[in-house]
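What follows is the content of work-v6.pdb (PDB, C-alpha atoms).
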```pdb
ATOM      1  CA  LEU A 700      10.248  -9.355 -12.280
ATOM      2  CA  LEU A 701      12.579 -12.192 -13.242
ATOM      3  CA  PRO A 702      14.460 -12.165  -9.890
ATOM      4  CA  ALA A 703      11.129 -12.518  -8.061
ATOM      5  CA  ILE A 704      10.125 -15.418 -10.291
ATOM      6  CA  LYS A 705      13.498 -17.120  -9.842
ATOM      7  CA  GLY A 706      13.344 -16.580  -6.093
ATOM      8  CA  THR A 707      16.569 -14.566  -5.950
ATOM      9  CA  GLN A 708      14.836 -11.369  -4.828
ATOM     10  CA  THR A 709      13.659 -11.543  -1.227
ATOM     11  CA  GLU A 710      12.541  -7.943  -0.716
ATOM     12  CA  ARG A 711      10.334  -5.584  -2.684
ATOM     13  CA  SER A 712      12.640  -2.822  -3.890
ATOM     14  CA  PHE A 713       9.912  -0.161  -3.873
ATOM     15  CA  PRO A 714       6.371   0.161  -2.481
ATOM     16  CA  ILE A 715       3.414  -1.003  -4.530
ATOM     17  CA  GLY A 716      -0.150   0.240  -4.399
ATOM     18  CA  PHE A 717      -3.480  -1.350  -5.184
ATOM     19  CA  LEU A 718      -6.799   0.362  -5.927
ATOM     20  CA  TYR A 719     -10.005  -1.580  -6.362
ATOM     21  CA  PRO A 720     -13.668  -0.726  -5.728
ATOM     22  CA  GLY A 721     -14.014   0.421  -2.132
ATOM     23  CA  LYS A 722     -10.519  -0.716  -1.172
ATOM     24  CA  MET A 723      -6.947   0.541  -1.401
ATOM     25  CA  SER A 724      -3.605  -0.571  -0.062
ATOM     26  CA  TRP A 725       0.070   0.380   0.008
ATOM     27  CA  MET A 726       2.714  -2.262   0.596
ATOM     28  CA  THR A 727       6.414  -2.242   1.330
ATOM     29  CA  HIS A 728       8.432  -5.417   1.752
ATOM     30  CA  THR A 729       7.651  -5.349   5.492
ATOM     31  CA  HIS A 730       4.313  -3.552   5.980
ATOM     32  CA  LYS A 731       0.858  -3.195   4.467
ATOM     33  CA  LEU A 732      -1.538  -0.283   4.905
ATOM     34  CA  ILE A 733      -5.078  -1.133   3.828
ATOM     35  CA  SER A 734      -8.527   0.434   3.759
ATOM     36  CA  GLN A 735     -11.596  -1.662   3.038
ATOM     37  CA  ASP A 736     -14.105   1.170   3.476
ATOM     38  CA  LYS A 737     -13.294   3.633   0.685
ATOM     39  CA  GLY A 738     -10.499   5.284   2.661
ATOM     40  CA  GLU A 739     -12.525   6.045   5.775
ATOM     41  CA  SER A 740     -10.144   4.060   7.989
ATOM     42  CA  PHE A 741      -6.854   2.220   7.566
ATOM     43  CA  ALA A 742      -5.190  -0.758   9.206
ATOM     44  CA  LEU A 743      -1.435  -1.330   9.306
ATOM     45  CA  TYR A 744       0.106  -4.805   9.356
ATOM     46  CA  ASN A 745       3.643  -6.094   9.769
ATOM     47  CA  LEU A 746       3.869  -8.644   6.966
ATOM     48  CA  ILE A 747       7.001 -10.284   8.362
ATOM     49  CA  GLU A 748       5.719 -10.897  11.896
ATOM     50  CA  ASP A 749       2.032 -11.227  10.951
ATOM     51  CA  PRO A 750       1.737 -12.640   7.405
ATOM     52  CA  PHE A 751      -1.965 -13.441   7.892
ATOM     53  CA  GLU A 752      -2.741  -9.816   8.840
ATOM     54  CA  LYS A 753      -4.460 -10.561  12.142
ATOM     55  CA  GLN A 754      -3.026  -7.726  14.302
ATOM     56  CA  ASP A 755      -3.541  -4.079  13.317
ATOM     57  CA  ILE A 756      -0.439  -2.268  14.600
ATOM     58  CA  SER A 757      -1.626   1.263  13.758
ATOM     59  CA  ASP A 758      -1.828   2.488  17.357
ATOM     60  CA  ASP A 759       1.794   1.567  18.080
ATOM     61  CA  ASN A 760       3.154   2.837  14.744
ATOM     62  CA  LYS A 761       1.481   6.193  14.136
ATOM     63  CA  GLU A 762       4.426   7.761  12.270
ATOM     64  CA  LEU A 763       4.834   4.790   9.935
ATOM     65  CA  LYS A 764       1.095   4.747   9.271
ATOM     66  CA  LYS A 765       1.126   8.490   8.526
ATOM     67  CA  ALA A 766       4.090   8.179   6.135
ATOM     68  CA  MET A 767       2.568   5.224   4.310
ATOM     69  CA  LEU A 768      -0.800   6.987   4.061
ATOM     70  CA  GLN A 769       0.848  10.073   2.569
ATOM     71  CA  SER A 770       2.634   7.887   0.009
ATOM     72  CA  LEU A 771      -0.590   6.047  -0.845
ATOM     73  CA  GLN A 772      -2.498   9.307  -1.280
ATOM     74  CA  ALA A 773       0.197  10.805  -3.524
ATOM     75  CA  TRP A 774       0.330   7.639  -5.629
ATOM     76  CA  SER A 775      -3.455   7.390  -5.947
ATOM     77  CA  LYS A 776      -3.601  11.021  -7.152
ATOM     78  CA  GLU A 777      -1.025  10.162  -9.835
ATOM     79  CA  VAL A 778      -3.088   7.147 -10.871
ATOM     80  CA  ALA A 779      -6.276   9.231 -11.084
ATOM     81  CA  ALA A 780      -4.505  11.907 -13.137
ATOM     82  CA  SER A 781      -3.146   9.297 -15.540
ATOM     83  CA  GLN A 782      -6.645   7.986 -16.198
ATOM     84  CA  LYS A 783      -8.028  11.346 -17.346
ATOM     85  CA  PRO A 784      -8.283  11.589 -21.128
ATOM     86  CA  GLU A 785      -5.936  14.066 -22.726
ATOM     87  CA  ILE A 786      -7.496  16.859 -24.735
ATOM     88  CA  ASN A 787      -5.474  17.837 -27.761
ATOM     89  CA  GLU A 788      -5.747  21.491 -28.572
TER      90      GLU A 788
END
```
Produce C-alpha cells that represent the structure in this file.
Amino acid sequence: LLPAIKGTQTERSFPIGFLYPGKMSWMTHTHKLISQDKGESFALYNLIEDPFEKQDISDDNKELKKAMLQSLQAWSKEVAASQKPEINE
C-alpha cells in the first residue's frame, strides 16, 4: 500500500474485486469488468484508453471478458465461502 500512497507504484500488481448490492466488478491495472444488474450482464472497459468508462469494449475483447469473468466468479465464490459461519464440532 505504501508504494501506491507514495506514487512509486504505477500498476496494480494483482486484480482486485468489488461486491456491493446489485453490483460487482473485477479490475486489473488496465481493464475493468463491471455488472450493475446483479450479474445479468457485464461491460468491459479499458481504463488506460478510456478512464471515464464511456466505451464498452466487450464485443471486441470476448476472450479477455471471459477470462476476467471467470476470475471474478471464482473470487466471489471465495468471498461468499469466507462469510459463512464456521460450525465447531
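Across the model, the gap from CA of Lys764 in chain A to CA of Ala779 in chain A is 22.1 Å.
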Specify as an mmCIF file with C-alpha atoms, keeping the file's coordinate frame each residue included when the PyMOL selection byres ((chain A and resi 721) around 6) is applied to this file.
```cif
data_model
loop_
_atom_site.group_PDB
_atom_site.id
_atom_site.type_symbol
_atom_site.label_atom_id
_atom_site.label_comp_id
_atom_site.auth_asym_id
_atom_site.auth_seq_id
_atom_site.Cartn_x
_atom_site.Cartn_y
_atom_site.Cartn_z
ATOM 1 C CA PRO A 720 -13.668 -0.726 -5.728
ATOM 2 C CA LYS A 722 -10.519 -0.716 -1.172
ATOM 3 C CA ASP A 736 -14.105 1.170 3.476
ATOM 4 C CA LYS A 737 -13.294 3.633 0.685
#
```
Please identify all polymer residues lying at most 12 Å from the point (4.6, 7.3, 3.3) (file coordinates), using all atoms listed in the file, and present the result as a count of residues only.
-> 25
Please write as a ChimeraX atom specification the list of polymer residues whose atoms come within 9 Å of (-1.1, -5.5, 10.9), counting only C-alpha atoms and keeping to the coordinates of the file.
-> /A:730-732,742-746,748-757
Atomic distance CA of Gln735 in chain A - CA of Tyr719 in chain A, expressed in Å with one decimal |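 These atoms are spaced 9.5 Å apart.
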Quick one: distance from CA of Val778 in chain A to CA of Phe717 in chain A in Å, one decimal?
->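 Interatomic distance, CA of Val778 in chain A to CA of Phe717 in chain A: 10.2 Å.
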Could you please fill out range 758-784 of chain A with N, CA, C and O atoms and send it back as a compact mmCIF listing (two decimals), in the frame of the given file?
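The resulting selection20.txt:
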```txt
# COMPACT_ATOMS: atom_id res chain seq x y z
N ASP A 758 -1.95 1.69 16.13
CA ASP A 758 -1.83 2.49 17.36
C ASP A 758 -0.39 2.60 17.85
O ASP A 758 -0.01 3.60 18.44
N ASP A 759 0.40 1.57 17.62
CA ASP A 759 1.79 1.57 18.08
C ASP A 759 2.78 2.08 17.04
O ASP A 759 3.98 2.16 17.30
N ASN A 760 2.29 2.42 15.84
CA ASN A 760 3.15 2.84 14.74
C ASN A 760 2.54 4.02 13.99
O ASN A 760 2.42 3.99 12.76
N LYS A 761 2.18 5.05 14.72
CA LYS A 761 1.48 6.19 14.14
C LYS A 761 2.30 6.91 13.06
O LYS A 761 1.75 7.31 12.03
N GLU A 762 3.60 7.06 13.26
CA GLU A 762 4.43 7.76 12.27
C GLU A 762 4.56 6.96 10.98
O GLU A 762 4.51 7.50 9.89
N LEU A 763 4.75 5.65 11.11
CA LEU A 763 4.83 4.79 9.94
C LEU A 763 3.51 4.80 9.18
O LEU A 763 3.49 4.94 7.95
N LYS A 764 2.40 4.71 9.90
CA LYS A 764 1.10 4.75 9.27
C LYS A 764 0.89 6.07 8.53
O LYS A 764 0.44 6.08 7.38
N LYS A 765 1.27 7.18 9.15
CA LYS A 765 1.13 8.49 8.53
C LYS A 765 1.96 8.59 7.25
O LYS A 765 1.49 9.06 6.22
N ALA A 766 3.20 8.12 7.30
CA ALA A 766 4.09 8.18 6.14
C ALA A 766 3.56 7.31 5.00
O ALA A 766 3.56 7.72 3.83
N MET A 767 3.10 6.11 5.34
CA MET A 767 2.57 5.22 4.31
C MET A 767 1.28 5.77 3.72
O MET A 767 1.05 5.67 2.52
N LEU A 768 0.44 6.39 4.54
CA LEU A 768 -0.80 6.99 4.06
C LEU A 768 -0.50 8.15 3.10
O LEU A 768 -1.13 8.28 2.06
N GLN A 769 0.48 8.97 3.45
CA GLN A 769 0.85 10.07 2.57
C GLN A 769 1.35 9.55 1.22
O GLN A 769 1.01 10.08 0.17
N SER A 770 2.14 8.49 1.25
CA SER A 770 2.63 7.89 0.01
C SER A 770 1.49 7.30 -0.81
O SER A 770 1.45 7.48 -2.04
N LEU A 771 0.57 6.62 -0.15
CA LEU A 771 -0.59 6.05 -0.84
C LEU A 771 -1.44 7.14 -1.48
O LEU A 771 -1.85 7.02 -2.64
N GLN A 772 -1.67 8.22 -0.75
CA GLN A 772 -2.50 9.31 -1.28
C GLN A 772 -1.83 9.98 -2.48
O GLN A 772 -2.49 10.27 -3.48
N ALA A 773 -0.52 10.19 -2.40
CA ALA A 773 0.20 10.80 -3.52
C ALA A 773 0.15 9.89 -4.74
O ALA A 773 -0.10 10.34 -5.87
N TRP A 774 0.36 8.61 -4.52
CA TRP A 774 0.33 7.64 -5.63
C TRP A 774 -1.06 7.56 -6.24
O TRP A 774 -1.21 7.54 -7.46
N SER A 775 -2.10 7.52 -5.41
CA SER A 775 -3.46 7.39 -5.95
C SER A 775 -3.86 8.63 -6.74
O SER A 775 -4.59 8.53 -7.72
N LYS A 776 -3.35 9.81 -6.37
CA LYS A 776 -3.60 11.02 -7.15
C LYS A 776 -2.93 10.91 -8.52
O LYS A 776 -3.50 11.32 -9.53
N GLU A 777 -1.72 10.36 -8.56
CA GLU A 777 -1.02 10.16 -9.84
C GLU A 777 -1.80 9.18 -10.72
O GLU A 777 -1.92 9.39 -11.92
N VAL A 778 -2.31 8.13 -10.12
CA VAL A 778 -3.09 7.15 -10.87
C VAL A 778 -4.34 7.81 -11.45
O VAL A 778 -4.65 7.65 -12.62
N ALA A 779 -5.05 8.56 -10.62
CA ALA A 779 -6.28 9.23 -11.08
C ALA A 779 -5.97 10.20 -12.21
O ALA A 779 -6.70 10.26 -13.21
N ALA A 780 -4.87 10.94 -12.09
CA ALA A 780 -4.50 11.91 -13.14
C ALA A 780 -4.15 11.19 -14.44
O ALA A 780 -4.45 11.68 -15.52
N SER A 781 -3.55 10.03 -14.34
CA SER A 781 -3.15 9.30 -15.54
C SER A 781 -4.35 8.69 -16.28
O SER A 781 -4.23 8.33 -17.44
N GLN A 782 -5.46 8.58 -15.59
CA GLN A 782 -6.64 7.99 -16.20
C GLN A 782 -7.55 9.02 -16.87
O GLN A 782 -8.50 8.65 -17.54
N LYS A 783 -7.24 10.30 -16.71
CA LYS A 783 -8.03 11.35 -17.35
C LYS A 783 -7.65 11.41 -18.82
O LYS A 783 -6.45 11.40 -19.14
N PRO A 784 -8.62 11.50 -19.70
CA PRO A 784 -8.28 11.59 -21.13
C PRO A 784 -7.60 12.92 -21.44
O PRO A 784 -7.94 13.95 -20.86
```
